[in-house]
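S.K.: Could you have a look at this structure, given as structure tokens, before my questions?
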Amino acid sequence: MTTYGTLSTPYDPPRPALAFPSLRSTHAAGFEDGALEWAIQRGLVSGQKAEAYWREVGLGEVSARAYPYAEASTGLLLTCWIGWTAGVERHFDEPATPAPRELLAQAESLVGRGEPLQARHPLAAALADLWRDTSRLMPPHWRRHLAVNLAGYLHACAAESQEHDSDSRQVGFDDFFEQRRLTVGSYVYCDLVELSVGFAVPDGLYRSEVFRRMRQVWNDLTSLVNDLASVPKELAAGDMRHNLVLLTHQQEAIPLAQAAHQVAAHIEELAGTFTALKEQLDAEACRQGLPVEHREGVRRCVEAMEAFIAGEQRWHELSARYVQAASGPPDSHAVKGL
């Protein structure tokens, strides 16, 4: 999670038309206060400046829009997860920053043993706490999925942090998506969607080709909605590798606004693909013989996935308006992948 840099020319991103419900939990203020207290206790936030930054970003509002169906206690836990990923991304935002050994070891322990290790590094210790609080709420197969996706996310962030000096002109679009699907953390956020509605997609359906494809499309949607909003920050950092708008702008030698509209059009195409996959997923659930109550749980998960995308888009829009009202166009804020 980082603040955007400044642009001499205001950047006005297009807003893709998405037929997903934009919802908001009524518990945003409680999420904000509770998660900040949690982060302070675990050493993720230290000092008035860091506390002010946390408040300014508004993770409670992020969580309220990303996971609007969550009950109050679950929503607070989800906000802590978002705060933890923000801490991970802040750590790796520094060029050539090595991954904390304890953090990677923690992830590997969750994959291999299903249990966290004792740790001193704040990010590793906080992950252990989150795992203990979360694992009691969800079944073993869901915990295995989350552990694998956490490990993939952390290793990808560690690898990406060593690539800041590489030439973006050598990055292919397929390579971009392959890496982006891991570093943006969306597979973790998607697992947490299931937590938000209190239902774990059955393992057989989770492993089906149609759900794998649906999660991949959803991941790309979350990434690209973020990319539309984060152009000023990436430009200020001189990072053309990790934003599809800037990569398209550079590699196709087209104006920035045109590249942004191309990405917006791709987002709308992906949203259409996601909608089409919903029917295929329902058919696959029937083919697998899932009982009615499980098919209803899957339907709730898919609705929550749609609400996450719409909530992410709406939060970026509101954040940009807040920043422009407060200080004109220069500065904006984002949580990577949200």
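Residue numbers start at 1 in each chain; chains themselves are named A, B, ... in the order of the structure tokens; ligands are numbered from 1 in the order shown.
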Compile the contact shell of A:Gly83 as a PyMOL selection string: residues with an atom at most 8 Å away, counting only C-alpha atoms, same-chain residues fewer than 2 positions apart removed.
M.R.: chain A and resi 35+39+59+79-81+85-87
S.K.: Would you save the residues from that selection as a short mmCIF file (atom, residue, chain, number, x, y, z; two decimals), in the first residue's frame, using all heavy atoms?
M.R.:
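And here's part_6.cif as it stands now:
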```cif
data_model
loop_
_atom_site.label_atom_id
_atom_site.label_comp_id
_atom_site.auth_asym_id
_atom_site.auth_seq_id
_atom_site.Cartn_x
_atom_site.Cartn_y
_atom_site.Cartn_z
N ALA A 35 -9.17 -2.49 13.65
CA ALA A 35 -8.01 -2.96 12.90
C ALA A 35 -6.78 -2.11 13.22
O ALA A 35 -5.65 -2.63 13.27
CB ALA A 35 -8.29 -2.95 11.40
N ALA A 39 -3.30 -3.47 14.62
CA ALA A 39 -2.03 -3.22 13.95
C ALA A 39 -1.01 -2.57 14.88
O ALA A 39 0.18 -2.89 14.83
CB ALA A 39 -2.25 -2.35 12.71
N LEU A 59 -8.72 2.03 5.68
CA LEU A 59 -8.90 0.61 5.45
C LEU A 59 -10.25 0.09 5.91
O LEU A 59 -10.74 -0.91 5.39
CB LEU A 59 -7.77 -0.18 6.12
CG LEU A 59 -6.37 0.03 5.55
CD1 LEU A 59 -5.40 -0.94 6.20
CD2 LEU A 59 -6.36 -0.14 4.04
N THR A 79 -10.63 -6.84 7.78
CA THR A 79 -9.91 -5.56 7.73
C THR A 79 -8.48 -5.74 8.22
O THR A 79 -7.54 -5.13 7.69
CB THR A 79 -10.63 -4.50 8.57
OG1 THR A 79 -12.02 -4.48 8.22
CG2 THR A 79 -10.04 -3.11 8.33
N CYS A 80 -8.30 -6.57 9.24
CA CYS A 80 -6.94 -6.85 9.71
C CYS A 80 -6.13 -7.57 8.63
O CYS A 80 -4.93 -7.28 8.45
CB CYS A 80 -6.99 -7.70 10.98
SG CYS A 80 -7.69 -6.84 12.41
N TRP A 81 -6.76 -8.48 7.90
CA TRP A 81 -6.07 -9.12 6.77
C TRP A 81 -5.63 -8.08 5.74
O TRP A 81 -4.50 -8.12 5.23
CB TRP A 81 -6.97 -10.16 6.12
CG TRP A 81 -6.91 -11.53 6.71
CD1 TRP A 81 -7.86 -12.15 7.47
CD2 TRP A 81 -5.84 -12.48 6.56
NE1 TRP A 81 -7.44 -13.42 7.82
CE2 TRP A 81 -6.22 -13.65 7.28
CE3 TRP A 81 -4.60 -12.46 5.92
CZ2 TRP A 81 -5.39 -14.77 7.35
CZ3 TRP A 81 -3.78 -13.58 6.00
CH2 TRP A 81 -4.18 -14.72 6.70
N THR A 85 -1.78 -7.20 4.50
CA THR A 85 -1.26 -7.17 3.13
C THR A 85 -0.72 -5.79 2.78
O THR A 85 0.27 -5.67 2.05
CB THR A 85 -2.34 -7.57 2.10
OG1 THR A 85 -3.44 -6.64 2.14
CG2 THR A 85 -2.86 -8.98 2.35
N ALA A 86 -1.35 -4.74 3.32
CA ALA A 86 -0.82 -3.40 3.10
C ALA A 86 0.58 -3.28 3.70
O ALA A 86 1.47 -2.66 3.11
CB ALA A 86 -1.76 -2.35 3.71
N GLY A 87 0.77 -3.88 4.88
CA GLY A 87 2.10 -3.87 5.48
C GLY A 87 3.11 -4.64 4.66
O GLY A 87 4.27 -4.21 4.52
#
```
S.K.: From a backbone DSSP assignment, name each residue in stretch 165-336 of chain A labelled alpha helix (DSSP H), as a PyMOL selection string.
M.R.: chain A and resi 173-183+186-197+203-206+209-229+231-237+244-251+256-287+292-327
S.K.: For A:Arg144, please output as a list of chain:residue names all residues within 10 Å (counting only C-alpha atoms; exclusion window: fewer than 5 positions along the same chain).
M.R.: A:Leu110, A:Val111, A:Gly112, A:Arg113, A:Gly114, A:Ser135, A:Pro139, A:Asn149, A:Leu150
S.K.: So, counting only C-alpha atoms, which residue among A:Glu51, A:Asp227, A:Asp191, A:Glu296 is closest to A:Val263?
M.R.: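 Smallest separation from A:Val263 among the options: A:Asp227.
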S.K.: Name the closest residue to A:Asp203 among the candidates A:His141, A:Leu44, A:Leu76, A:Arg314; distances are taken between atoms, counting only C-alpha atoms.
M.R.: A:His141
S.K.: What does the structure give for the distance between atom CA of A:Gly34 and atom CA of A:Ser230, in Å to one decimal?
M.R.: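 These atoms are spaced 27.1 Å apart.
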S.K.: Just the number, please: distance in Å from atom CA of A:Leu270 to atom CA of A:Val225, one decimal.
M.R.: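 Computing it gives 11.1 Å between the two atoms.
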S.K.: Counting only C-alpha atoms, which residue out of A:Leu277, A:Ala236, A:Ala200, A:Ala50 sits closest to A:Arg215?
M.R.: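 Of A:Leu277, A:Ala236, A:Ala200, A:Ala50, the one nearest A:Arg215, counting only C-alpha atoms, is A:Leu277.
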S.K.: List as a VMD selection string the protein and nucleic acid residues near A:Ala257, meaning an atom at most 9 Å away when only C-alpha atoms are counted, but skip any in the same chain fewer than 6 places from it.
M.R.: chain A and resid 11 to 14 245 249
S.K.: Can you tell me, as a tab-separated table (two decimals) with C-alpha atoms, in the first residue's frame, what residues are no more than 7 Å from stretch 16-26 of chain A when counting only C-alpha atoms, ignoring any on the same chain fewer than 6 positions away?
M.R.:
```
chain	number	residue	atom	x	y	z
A	64	ALA	CA	-16.68	-2.29	4.16
A	65	ARG	CA	-16.90	-2.07	0.38
A	68	PRO	CA	-20.05	-5.90	2.43
A	69	TYR	CA	-21.77	-9.18	3.37
A	264	ALA	CA	-11.14	-0.06	-19.34
A	265	ALA	CA	-12.55	-1.88	-22.38
A	267	ILE	CA	-12.15	-4.76	-17.87
A	268	GLU	CA	-15.64	-4.69	-19.38
A	271	ALA	CA	-16.71	-8.69	-16.53
A	306	GLU	CA	-19.00	-9.33	-7.82
A	307	ALA	CA	-19.56	-6.95	-4.92
A	310	ALA	CA	-17.75	-3.03	-7.63
A	311	GLY	CA	-16.65	-1.98	-4.15
```
